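Structure file data07.txt (compact mmCIF, C-alpha atoms) is printed below.
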```
# COMPACT_ATOMS: atom_id res chain seq x y z
CA MET A 318 0.00 0.00 0.00
CA PHE A 319 1.21 3.41 -0.84
CA GLU A 320 0.96 4.88 2.60
CA GLU A 321 3.93 2.86 3.64
CA ALA A 322 7.17 4.66 3.26
CA PRO A 323 9.42 1.72 2.33
CA GLU A 324 7.62 1.08 -0.92
CA ILE A 325 7.92 4.66 -1.90
CA ALA A 326 11.54 4.44 -0.96
CA GLN A 327 11.82 1.37 -3.11
CA MET A 328 10.13 2.90 -6.08
CA ALA A 329 11.78 6.22 -5.92
CA PRO A 330 15.25 5.66 -4.62
CA SER A 331 16.47 8.80 -6.29
CA LEU A 332 14.11 11.03 -4.39
CA ASN A 333 15.11 12.24 -0.99
CA ARG A 334 13.01 11.53 2.06
CA GLU A 335 11.38 14.92 2.28
CA THR A 336 10.07 14.68 -1.26
CA ARG A 337 8.72 11.22 -0.65
CA LEU A 338 6.90 12.44 2.40
CA LEU A 339 5.49 15.32 0.43
CA PHE A 340 4.09 13.00 -2.18
CA ARG A 341 2.51 10.59 0.16
CA PRO A 342 -0.83 12.10 1.10
CA TYR A 343 -1.81 12.97 -2.47
CA PRO A 344 -2.92 10.02 -4.58
CA THR A 345 -3.08 11.91 -7.84
CA ARG A 346 0.35 13.30 -7.36
CA ASN A 347 1.55 9.85 -6.49
CA MET A 348 0.17 8.65 -9.79
CA ASP A 349 2.05 11.40 -11.55
CA LEU A 350 5.11 10.33 -9.71
CA ILE A 351 4.68 6.78 -10.89
CA ARG A 352 4.18 7.99 -14.44
CA ILE A 353 7.24 10.15 -14.30
CA MET A 354 9.23 7.32 -12.91
CA SER A 355 8.11 4.80 -15.46
CA ARG A 356 8.81 7.24 -18.26
CA THR A 357 12.29 7.89 -17.08
CA SER A 358 12.52 4.24 -16.03
CA THR A 359 14.39 5.08 -12.89
CA CYS A 360 12.60 2.33 -11.14
CA GLU A 361 12.76 -1.36 -11.96
CA SER A 362 10.34 -2.45 -9.31
CA MET A 363 7.47 -0.83 -11.23
CA LYS A 364 7.26 -4.02 -13.25
CA GLN A 365 6.75 -6.09 -10.17
CA SER A 366 3.43 -7.09 -8.84
CA LYS A 367 3.63 -4.97 -5.73
CA ALA A 368 3.91 -1.84 -7.77
CA PHE A 369 0.98 -3.01 -9.86
CA GLU A 370 -1.10 -3.39 -6.75
CA VAL A 371 -0.07 0.06 -5.69
CA SER A 372 -1.07 1.55 -8.99
CA ILE A 373 -4.48 -0.06 -8.73
CA GLU A 374 -4.78 1.35 -5.30
CA MET A 375 -3.66 4.77 -6.28
CA THR A 376 -5.33 5.42 -9.57
CA GLY A 377 -8.48 3.49 -8.96
CA LEU A 378 -7.99 2.00 -12.43
CA LEU A 379 -10.85 -0.35 -11.82
CA GLY A 380 -13.01 2.60 -11.04
CA ASN A 381 -14.85 0.44 -8.57
CA LYS A 382 -14.78 1.28 -4.90
CA GLY A 383 -16.09 -2.16 -3.95
CA ILE A 384 -13.28 -4.05 -5.59
CA ARG A 385 -10.74 -1.68 -4.18
CA ARG A 386 -12.10 -2.20 -0.72
CA LEU A 387 -12.06 -5.92 -1.19
CA ILE A 388 -8.41 -5.80 -2.16
CA GLU A 389 -7.64 -3.67 0.88
CA GLU A 390 -9.48 -5.99 3.19
CA LEU A 391 -7.80 -9.06 1.77
CA ALA A 392 -4.45 -7.39 2.25
CA ALA A 393 -5.28 -6.57 5.87
CA LEU A 394 -6.55 -10.10 6.45
CA SER A 395 -3.43 -11.72 5.04
CA MET A 396 -1.33 -9.39 7.18
CA ARG A 397 -3.19 -10.54 10.29
CA VAL A 398 -2.82 -14.17 9.27
CA ALA A 399 0.90 -13.66 8.84
CA ILE A 400 1.31 -11.99 12.24
CA LEU A 401 -0.82 -14.53 14.09
CA ALA A 402 0.92 -17.43 12.37
CA ALA A 403 4.27 -15.98 13.41
CA ILE A 404 3.10 -15.74 17.02
CA TRP A 405 1.78 -19.30 16.91
CA TRP A 406 5.05 -20.48 15.46
CA VAL A 407 6.98 -18.81 18.27
CA LEU A 408 4.64 -20.14 20.97
CA THR A 409 4.68 -23.74 19.81
CA GLY A 410 8.21 -23.89 18.52
CA GLY A 411 7.05 -24.70 15.00
CA ASN A 412 4.84 -27.65 15.84
CA ALA A 413 1.15 -28.29 16.25
CA TRP A 414 -0.03 -26.72 13.00
CA ALA A 415 -3.03 -29.07 12.99
CA TRP A 416 -4.38 -26.94 15.82
CA GLY A 417 -2.62 -23.81 14.86
CA ALA A 418 -3.75 -23.29 11.28
CA PRO A 419 -7.48 -23.26 12.05
CA ALA A 420 -6.95 -21.20 15.18
CA VAL A 421 -4.92 -18.63 13.29
CA LEU A 422 -7.43 -18.40 10.47
CA ILE A 423 -10.40 -18.07 12.79
CA ALA A 424 -8.66 -15.46 14.93
CA ALA A 425 -7.61 -13.48 11.87
CA TRP A 426 -11.15 -13.57 10.54
CA LEU A 427 -12.97 -12.71 13.76
CA ARG A 428 -10.38 -10.32 15.20
CA PRO A 429 -11.31 -10.93 18.83
CA GLY A 430 -10.97 -7.86 20.97
CA LEU A 431 -9.91 -5.56 18.19
CA GLY A 432 -13.38 -4.41 17.28
CA SER A 433 -13.86 -2.74 13.95
CA GLY A 434 -11.43 0.06 14.43
CA GLY A 435 -10.17 -0.26 10.90
CA ALA A 436 -6.72 -1.26 9.82
CA TRP A 437 -3.71 0.38 11.40
CA ARG A 438 -1.25 1.85 9.06
CA TRP A 439 2.33 1.63 10.02
CA SER A 440 5.58 1.85 8.22
CA LEU A 441 8.46 -0.55 8.48
CA MET A 442 10.93 2.25 7.99
CA GLY A 443 9.28 4.14 10.78
CA LEU A 444 9.58 1.09 13.02
CA LEU A 445 13.26 0.70 12.24
CA ARG A 446 13.86 4.34 13.06
CA PHE A 447 11.70 4.16 16.15
CA LEU A 448 13.24 1.13 17.86
CA PRO A 449 16.75 2.48 18.56
CA VAL A 450 15.32 5.73 19.91
CA PHE A 451 12.95 3.79 22.13
CA ALA A 452 15.69 1.47 23.40
CA TRP A 453 17.92 4.41 24.23
CA TYR A 454 15.20 6.33 26.06
CA ASN A 455 14.01 3.28 27.95
CA MET A 456 17.52 2.60 29.15
CA ARG A 457 18.03 6.21 30.18
CA GLY A 458 14.67 6.27 31.92
CA ALA A 459 15.48 3.19 33.95
CA LEU A 460 18.93 4.53 34.82
CA GLU A 461 17.56 7.88 35.97
CA VAL A 462 14.95 6.24 38.14
CA ALA A 463 17.54 3.83 39.54
CA ILE A 464 19.88 6.67 40.44
CA LEU A 465 17.02 8.57 42.03
CA ALA A 466 16.10 5.51 44.08
CA LEU A 467 19.63 4.63 45.11
CA ASP A 468 20.98 8.06 45.97
CA PRO A 469 19.53 9.18 49.31
CA ARG A 470 20.43 12.82 48.70
CA ARG A 471 18.31 13.15 45.61
CA ARG A 472 14.60 13.66 45.83
CA PRO A 473 12.11 13.90 43.01
CA ASP A 474 10.37 17.18 42.34
CA PRO A 475 7.25 15.98 40.58
CA VAL A 476 4.67 18.07 38.80
CA LEU A 477 1.62 17.49 36.61
CA LEU A 478 1.86 18.92 33.12
CA SER A 479 -0.45 18.97 30.18
CA PHE A 480 1.33 18.21 26.97
CA PRO A 481 -0.52 19.07 23.77
CA LEU A 482 -0.19 16.34 21.17
CA ARG A 483 0.00 17.00 17.48
CA LEU A 484 -0.73 13.38 16.67
CA PRO A 485 -4.28 12.78 15.49
CA PRO A 486 -6.60 11.05 17.97
CA GLY A 487 -6.71 7.30 17.68
CA PRO A 488 -4.19 4.50 17.97
CA ALA A 489 -1.22 6.82 17.54
CA ARG A 490 -2.18 8.82 20.62
CA VAL A 491 -2.84 5.74 22.70
CA PHE A 492 0.51 4.36 21.63
CA MET A 493 2.18 7.61 22.55
CA ALA A 494 0.46 7.60 25.95
CA ASN A 495 1.83 4.15 26.69
CA LEU A 496 5.23 5.07 25.39
CA ILE A 497 5.45 8.04 27.72
CA ASN A 498 5.47 5.64 30.66
CA LEU A 499 8.68 4.05 29.43
CA VAL A 500 10.81 7.09 28.71
CA PRO A 501 12.81 9.14 31.23
CA GLY A 502 10.87 10.86 33.95
CA THR A 503 7.37 10.90 32.49
CA LEU A 504 4.14 9.10 33.25
CA SER A 505 0.92 9.64 31.35
CA THR A 506 -2.06 10.01 33.62
CA ARG A 507 -4.87 10.65 31.17
CA LEU A 508 -5.71 11.58 27.64
CA THR A 509 -7.36 14.95 27.29
CA ALA A 510 -9.19 16.43 24.33
CA ASP A 511 -6.15 18.01 22.74
CA GLY A 512 -3.30 16.13 24.27
CA ILE A 513 -2.19 14.27 27.29
CA GLU A 514 -1.71 14.89 30.96
CA ILE A 515 1.63 13.75 32.25
CA HIS A 516 3.25 13.40 35.63
CA VAL A 517 6.88 14.42 35.46
CA LEU A 518 9.53 13.45 37.99
CA SER A 519 11.23 16.77 37.56
CA ALA A 520 10.08 19.37 35.09
CA SER A 521 12.80 20.36 32.69
CA ALA A 522 13.26 21.31 29.09
CA SER A 523 14.83 17.95 28.30
CA VAL A 524 11.57 16.17 29.13
CA ILE A 525 9.66 18.25 26.59
CA ARG A 526 12.40 17.75 24.02
CA THR A 527 12.32 14.00 24.56
CA LEU A 528 8.58 13.88 24.12
CA THR A 529 8.70 16.04 21.01
CA ILE A 530 11.27 13.75 19.40
CA LEU A 531 9.24 10.70 20.36
CA GLU A 532 6.07 12.21 18.98
CA ARG A 533 7.74 12.73 15.63
CA ARG A 534 8.99 9.15 15.61
CA VAL A 535 5.54 7.84 16.47
CA ALA A 536 4.12 9.85 13.57
CA HIS A 537 6.62 8.14 11.28
CA LEU A 538 5.80 4.77 12.78
CA PHE A 539 2.11 5.21 12.07
CA ALA A 540 2.86 6.51 8.59
CA LEU A 541 1.31 9.86 9.34
CA GLY A 542 3.92 11.83 7.53
CA ARG A 543 4.75 15.23 8.88
CA LEU A 544 3.09 16.56 11.94
CA PRO A 545 1.41 19.91 11.63
CA ALA A 546 3.76 22.70 12.47
CA GLY A 547 3.64 24.25 15.86
CA GLU A 548 5.82 24.50 18.86
CA ALA A 549 5.56 21.76 21.37
CA GLY A 550 5.16 23.04 24.81
CA ALA A 551 3.71 21.98 28.07
CA SER A 552 1.82 23.92 30.64
CA LYS A 553 1.53 23.33 34.29
CA ARG A 554 -1.78 22.12 35.56
CA MET B 719 32.03 -15.49 25.50
CA SER B 720 28.30 -15.30 25.09
CA THR B 721 27.99 -17.08 28.41
CA ILE B 722 29.83 -14.29 30.17
CA ALA B 723 27.97 -11.56 28.28
CA GLY B 724 24.65 -13.23 29.10
CA ALA B 725 25.58 -13.49 32.77
CA ILE B 726 26.51 -9.81 32.85
CA LEU B 727 23.19 -8.84 31.29
CA ILE B 728 21.32 -10.96 33.83
CA VAL B 729 23.21 -9.42 36.73
CA LEU B 730 22.45 -5.95 35.38
CA GLY B 731 18.81 -6.95 35.12
CA LEU B 732 18.81 -8.10 38.74
CA LEU B 733 20.29 -4.76 39.79
CA PHE B 734 17.51 -2.92 37.97
CA PHE B 735 14.95 -5.10 39.74
CA LEU B 736 16.58 -4.09 43.01
CA SER B 737 16.47 -0.41 42.11
CA GLY B 738 12.81 -0.77 41.15
CA THR B 739 12.06 -2.24 44.54
CA LEU B 740 14.03 0.48 46.30
CA GLY B 741 12.14 3.09 44.35
CA LEU B 742 8.88 1.43 45.31
CA LEU B 743 9.85 1.65 48.96
CA ARG B 744 11.53 5.04 49.01
CA PHE B 745 9.54 7.26 46.65
CA PRO B 746 7.00 9.51 48.33
CA ASP B 747 3.74 8.83 46.49
CA VAL B 748 1.97 6.44 44.17
CA PHE B 749 2.88 8.37 41.01
CA THR B 750 6.59 8.49 41.65
CA ARG B 751 6.49 4.81 42.60
CA LEU B 752 4.81 4.11 39.28
CA HIS B 753 7.75 5.78 37.58
CA ALA B 754 10.12 3.45 39.37
CA LEU B 755 8.17 0.34 38.44
CA SER B 756 7.27 1.08 34.86
CA LYS B 757 10.76 2.00 33.81
CA ALA B 758 13.14 -0.02 35.95
CA ASP B 759 11.20 -3.26 35.83
CA THR B 760 10.58 -3.40 32.12
CA LEU B 761 14.24 -2.78 31.40
CA ALA B 762 15.26 -5.28 34.09
CA LEU B 763 13.14 -8.01 32.57
CA GLY B 764 14.43 -7.05 29.13
CA LEU B 765 18.01 -7.51 30.34
CA VAL B 766 17.20 -10.88 31.92
CA CYS B 767 15.49 -11.99 28.70
CA ALA B 768 18.44 -10.79 26.63
CA GLY B 769 20.88 -12.62 28.89
CA LEU B 770 18.93 -15.85 28.62
CA ALA B 771 18.60 -15.41 24.87
CA LEU B 772 22.39 -15.25 24.65
CA HIS B 773 22.61 -18.51 26.56
CA ALA B 774 19.94 -20.25 24.50
CA ASP B 775 20.79 -21.79 21.18
CA ASP B 776 17.26 -22.36 19.92
CA GLY B 777 15.81 -19.73 17.59
CA THR B 778 12.19 -20.00 18.57
CA LEU B 779 13.15 -19.86 22.24
CA GLN B 780 14.78 -16.49 21.74
CA LEU B 781 11.71 -15.26 19.93
CA LYS B 782 9.57 -16.52 22.77
CA LEU B 783 11.68 -14.56 25.24
CA LEU B 784 11.21 -11.51 23.06
CA LEU B 785 7.47 -12.13 23.04
CA ILE B 786 7.39 -12.32 26.84
CA TRP B 787 9.31 -9.10 27.10
CA LEU B 788 7.03 -7.32 24.63
CA LEU B 789 4.01 -8.55 26.55
CA VAL B 790 5.40 -7.25 29.83
CA ILE B 791 6.33 -3.90 28.25
CA VAL B 792 2.88 -3.41 26.79
CA SER B 793 1.04 -4.51 29.89
CA GLY B 794 3.39 -2.60 32.18
CA ALA B 795 2.98 0.64 30.27
CA THR B 796 -0.79 0.31 29.98
CA CYS B 797 -1.24 -0.69 33.60
CA SER B 798 0.86 2.23 34.83
CA SER B 799 -1.41 4.67 33.08
CA LEU B 800 -4.48 2.85 34.33
CA ILE B 801 -3.35 3.04 37.93
CA ALA B 802 -2.23 6.66 37.61
CA ARG B 803 -5.57 7.67 36.13
CA ALA B 804 -7.51 5.77 38.76
CA ALA B 805 -5.42 7.36 41.51
CA LEU B 806 -6.14 10.86 40.17
CA ALA B 807 -9.82 10.04 39.83
CA HIS B 808 -9.83 9.00 43.47
CA GLY B 809 -8.56 12.39 44.43
CA ILE B 810 -5.01 11.39 45.25
CA ARG B 811 -2.92 14.46 44.55
CA PRO B 812 0.69 14.07 43.50
CA TRP B 813 3.21 14.61 46.23
CA GLN B 814 5.04 17.90 45.97
CA ARG B 815 8.27 18.93 47.49
CA MET C 661 25.97 -21.88 35.68
CA THR C 662 23.11 -23.64 37.45
CA VAL C 663 24.21 -22.11 40.73
CA PHE C 664 24.30 -18.68 39.14
CA TYR C 665 20.70 -18.99 37.95
CA PHE C 666 19.46 -20.30 41.27
CA ALA C 667 21.27 -17.50 43.08
CA GLY C 668 19.63 -14.98 40.76
CA ALA C 669 16.19 -16.47 41.37
CA LEU C 670 16.78 -16.35 45.13
CA PHE C 671 17.88 -12.74 44.88
CA LEU C 672 14.66 -11.86 43.10
CA LEU C 673 12.61 -13.69 45.69
CA ALA C 674 14.31 -11.72 48.43
CA ASN C 675 13.56 -8.62 46.41
CA VAL C 676 9.86 -9.44 46.41
CA VAL C 677 9.89 -10.08 50.14
CA VAL C 678 11.34 -6.61 50.67
CA ALA C 679 8.71 -5.15 48.35
CA LEU C 680 6.03 -6.67 50.56
CA ALA C 681 6.77 -3.84 52.96
CA ARG C 682 4.92 -1.59 50.53
CA VAL C 683 1.86 -3.81 50.80
CA LEU C 684 1.95 -3.44 54.56
CA ARG C 685 2.51 0.30 54.54
CA GLY C 686 0.12 1.22 51.76
CA PRO C 687 -1.19 3.85 52.24
CA THR C 688 -3.60 3.63 49.29
CA ALA C 689 -4.91 0.59 47.50
CA ALA C 690 -2.97 1.66 44.42
CA ASP C 691 0.32 1.44 46.32
CA ARG C 692 -0.49 -2.10 47.30
CA MET C 693 -1.38 -2.95 43.75
CA LEU C 694 1.99 -1.67 42.64
CA SER C 695 3.62 -4.37 44.72
CA GLY C 696 1.41 -6.80 42.89
CA GLU C 697 2.63 -5.48 39.57
CA LEU C 698 6.21 -5.78 40.74
CA MET C 699 5.57 -9.35 41.82
CA GLY C 700 4.11 -10.19 38.43
CA THR C 701 7.17 -8.95 36.60
CA THR C 702 9.52 -10.54 39.11
CA ALA C 703 7.69 -13.85 38.88
CA VAL C 704 8.29 -13.88 35.15
CA ALA C 705 11.97 -13.19 35.69
CA VAL C 706 12.24 -15.87 38.40
CA LEU C 707 10.62 -18.41 36.12
CA LEU C 708 12.97 -17.51 33.28
CA LEU C 709 15.95 -17.96 35.59
CA LEU C 710 14.57 -21.29 36.77
CA TYR C 711 14.38 -22.31 33.14
CA GLY C 712 18.03 -21.36 32.83
CA ALA C 713 18.86 -23.51 35.83
CA THR C 714 16.82 -26.57 34.92
CA GLY C 715 16.43 -26.40 31.16
CA ILE C 716 12.78 -27.41 31.33
CA GLU C 717 11.18 -25.57 28.43
CA ALA C 718 7.67 -25.73 29.84
CA ILE C 719 8.73 -23.17 32.43
CA ILE C 720 8.99 -20.56 29.67
CA ASP C 721 5.35 -21.16 28.84
CA VAL C 722 4.46 -20.72 32.49
CA ALA C 723 6.34 -17.41 32.44
CA LEU C 724 4.31 -16.37 29.41
CA VAL C 725 1.08 -17.14 31.23
CA PHE C 726 2.29 -15.18 34.26
CA ALA C 727 3.04 -12.20 32.05
CA ILE C 728 -0.54 -12.25 30.78
CA LEU C 729 -2.03 -12.82 34.23
CA ALA C 730 -0.13 -9.91 35.77
CA ALA C 731 -1.72 -7.58 33.25
CA MET C 732 -5.14 -9.09 33.94
CA ALA C 733 -4.68 -8.56 37.67
CA VAL C 734 -4.04 -4.84 37.31
CA VAL C 735 -6.89 -4.33 34.86
CA THR C 736 -9.25 -6.22 37.16
CA PHE C 737 -8.08 -4.17 40.10
CA VAL C 738 -8.70 -0.86 38.36
CA ARG C 739 -12.03 -1.88 36.84
CA ARG C 740 -13.57 -3.84 39.70
CA THR C 741 -11.88 -3.25 43.02
CA TRP C 742 -11.06 0.40 42.59
CA PRO C 743 -13.40 1.80 39.96
CA GLU C 744 -13.08 5.44 39.02
CA ASP C 745 -16.77 6.09 39.16
CA PRO C 746 -17.25 7.90 42.48
CA ALA C 747 -20.86 6.73 42.68
CA VAL C 748 -19.63 3.18 43.08
CA ASP C 749 -17.31 4.28 45.85
CA ASN C 750 -20.12 5.98 47.71
CA GLU C 751 -22.26 2.90 47.37
CA ARG C 752 -19.58 0.80 48.93
CA GLU C 753 -19.13 3.20 51.80
CA GLN C 754 -22.83 3.10 52.53
CA THR C 755 -23.08 -0.65 52.58
```
Starting from the file, give its structure as structure tokens.
Amino acid sequence: MFEEAPEIAQMAPSLNRETRLLFRPYPTRNMDLIRIMSRTSTCESMKQSKAFEVSIEMTGLLGNKGIRRLIEELAALSMRVAILAAIWWVLTGGNAWAWGAPAVLIAAWLRPGLGSGGAWRWSLMGLLRFLPVFAWYNMRGALEVAILALDPRRRPDPVLLSFPLRLPPGPARVFMANLINLVPGTLSTRLTADGIEIHVLSASASVIRTLTILERRVAHLFALGRLPAGEAGASKR
Amino acid sequence: MSTIAGAILIVLGLLFFLSGTLGLLRFPDVFTRLHALSKADTLALGLVCAGLALHADDGTLQLKLLLIWLLVIVSGATCSSLIARAALAHGIRPWQR
Amino acid sequence: MTVFYFAGALFLLANVVVALARVLRGPTAADRMLSGELMGTTAVAVLLLLYGATGIEAIIDVALVFAILAAMAVVTFVRRTWPEDPAVDNEREQT
């Protein structure tokens, strides 16, 4: 699907990242991009089936919303099957497929507990860029808390802040709220209408900076492209 | 080599567990204690999992350890927020210096 | 190596015993639940170390179940034992 950055990266290796991001939210422009690319034949992968799928998706060649939706749903379903099968494989150590295959198929079809929230979009590239940042922050967070706990002279100076989020409401915000609990010195207490309320061990500029960086990475992870401009800032509650 | 590295990771993990417990005992209110738990413990378990993964030689076992860690991260993060929100809703105000 | 794992598991158990002080002291129900959360995570780690010591793979599956159960415990606590709805609290105080 076109929303995912890696494919765009694959198809347009010559373009820089900013341009790719620019193109993403506009299907017609994407189509132009594909046309330009195929004309100048900068991109071999156009001939491959994935790119074909993308062009169906983008141009609506079939002109039929129903068929397009069907393709999308089948893609989402096969993605779920793949993920669940991977989990089953890990859990059972590669055995017991007689049980596993039906269970995986049924679970992928019924989606227990997920409701009908629609498919999540995420980008592999975003994930790869997110993970090291997360690992680093998680380590720093644990270290800071450990030092605070071990050193009797230090005491926390906590405060409640409200941190406006530029991420759109939905899974990205919930993800961000959970993430905040794992990075240095912050704890999300509740989601508000326009952002999130956080409990901070000690209010400082570095906390806000950390959260701003994380927010941008989460936006990449959920293939949201660029966040709307605006200064991040927090206010005391 | 990987035996020693794994052992070091596990020992580090144990130390983080200890610091989480100390934080739980020493911090002044429920919110600061949540900080201690949600951060120190997830990393501690991650280190223990990583250490064991270095000792294991079976691919699916390592993935299973990763799965356990992911599960604990997700549940730990979610539960921290749940408890914090419930505490606020019950009128518990954060401790202030 | 077996001794190392057992020693680690013992260390974590001692850790949990120390954390029990928080259950005794409270002061709020949430503080006590935090000890529960700590115990859940520690139990997973202890089980993993026991796997390292004994090599019985089933222990890993037990650890997995513990990881899930710990999450369930906290969610149950927040939803049932300590619900946010103040009306429920008042009801309980009256009865």
For chain C versus chain A, which residues have an atom no more than 10 Å away, and what is each residue's nearest atom pair and distance in Å rounded to one decimal, using all atoms listed in the file, chain-then-number order, as a tab-separated table?
```
residue	atom	partner	partner_atom	distance
C:Ile720	CA	A:Leu408	CA	9.7
C:Asp721	CA	A:Leu408	CA	8.0
C:Leu724	CA	A:Leu408	CA	9.2
```
Per residue of chain B within 7 Å of chain A, which atom pair is closest and at what distance in Å (one decimal), using all atoms listed in the file, listed by chain and increasing number, as CSV?
```
residue,atom,partner,partner_atom,distance
B:Phe734,CA,A:Ala463,CA,6.9
B:Ser737,CA,A:Ala463,CA,5.1
B:Gly738,CA,A:Ala463,CA,6.8
B:Leu740,CA,A:Ala466,CA,5.9
B:Gly741,CA,A:Ala466,CA,4.6
B:Arg744,CA,A:Ala466,CA,6.7
B:Thr750,CA,A:Leu518,CA,6.8
B:His753,CA,A:Leu504,CA,6.5
B:Ala754,CA,A:Val462,CA,5.7
B:Ser756,CA,A:Leu499,CA,6.3
B:Lys757,CA,A:Ala459,CA,4.9
B:Ala758,CA,A:Ala459,CA,4.4
B:Leu761,CA,A:Ala459,CA,6.6
B:Thr778,CA,A:Val407,CA,5.4
B:Leu781,CA,A:Val407,CA,6.1
B:Lys782,CA,A:Val407,CA,5.7
B:Ala795,CA,A:Asn495,CA,5.1
B:Thr796,CA,A:Asn495,CA,5.7
B:Ser799,CA,A:Thr506,CA,5.4
B:Ala802,CA,A:Thr506,CA,5.2
B:Arg803,CA,A:Thr506,CA,4.9
B:Gln814,CA,A:Pro475,CA,6.1
B:Arg815,CA,A:Asp474,CA,5.8
```
Straight-line distance linking CA of Leu441 (chain A) with CA of Gly764 (chain B), stated in Å to one decimal: 22.5 Å
Length of the CA of Asn675 (chain C) to CA of Phe735 (chain B) vector [Å]: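 Separating CA of Asn675 (chain C) from CA of Phe735 (chain B) is a distance of 7.7 Å.
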Neighbours of chain C in chain B at 9 Å, counting all atoms listed in the file, as a count of residues only: 50
Point-to-point distance from CA of Ser720 (chain B) to CA of Leu772 (chain B), Å rounded to tenths: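 CA of Leu772 (chain B) lies 5.9 Å from CA of Ser720 (chain B).
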Test item: residues at most 8 Å from region 487-490 of chain A, all atoms listed in the file, excluding those fewer than 2 positions along its chain, as a PyMOL selection string: chain A and resi 437+482+484-485+492-494+535-536+539
For region 387-402 of chain A: contacts at 8 Å, all atoms listed in the file, fewer than 6 positions along chain excluded, given as a list in words: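 With the cut-off at 8 Å, the set is Gly417, Ala418, Val421, Leu422, Ala424, Ala425, Trp426 and Ala436 of chain A.
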All residues 9 Å or closer to Thr662 (chain C), only C-alpha atoms, same chain fewer than 4 positions away omitted, as a PyMOL selection string: chain C and resi 666-667+710+712-714
Could you write those residues out with C-alpha atoms, as an mmCIF file, in the frame of the given file?
```
data_model
loop_
_atom_site.group_PDB
_atom_site.id
_atom_site.type_symbol
_atom_site.label_atom_id
_atom_site.label_comp_id
_atom_site.auth_asym_id
_atom_site.auth_seq_id
_atom_site.Cartn_x
_atom_site.Cartn_y
_atom_site.Cartn_z
ATOM 1 C CA PHE C 666 19.460 -20.300 41.270
ATOM 2 C CA ALA C 667 21.270 -17.500 43.080
ATOM 3 C CA LEU C 710 14.570 -21.290 36.770
ATOM 4 C CA GLY C 712 18.030 -21.360 32.830
ATOM 5 C CA ALA C 713 18.860 -23.510 35.830
ATOM 6 C CA THR C 714 16.820 -26.570 34.920
#
```
Pick from A:Ala510, A:Ala540, A:Leu478, A:Leu427 nearest to Val524 (chain A), counting all atoms listed in the file: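 Result for the nearest residue to Val524 (chain A): A:Leu478.
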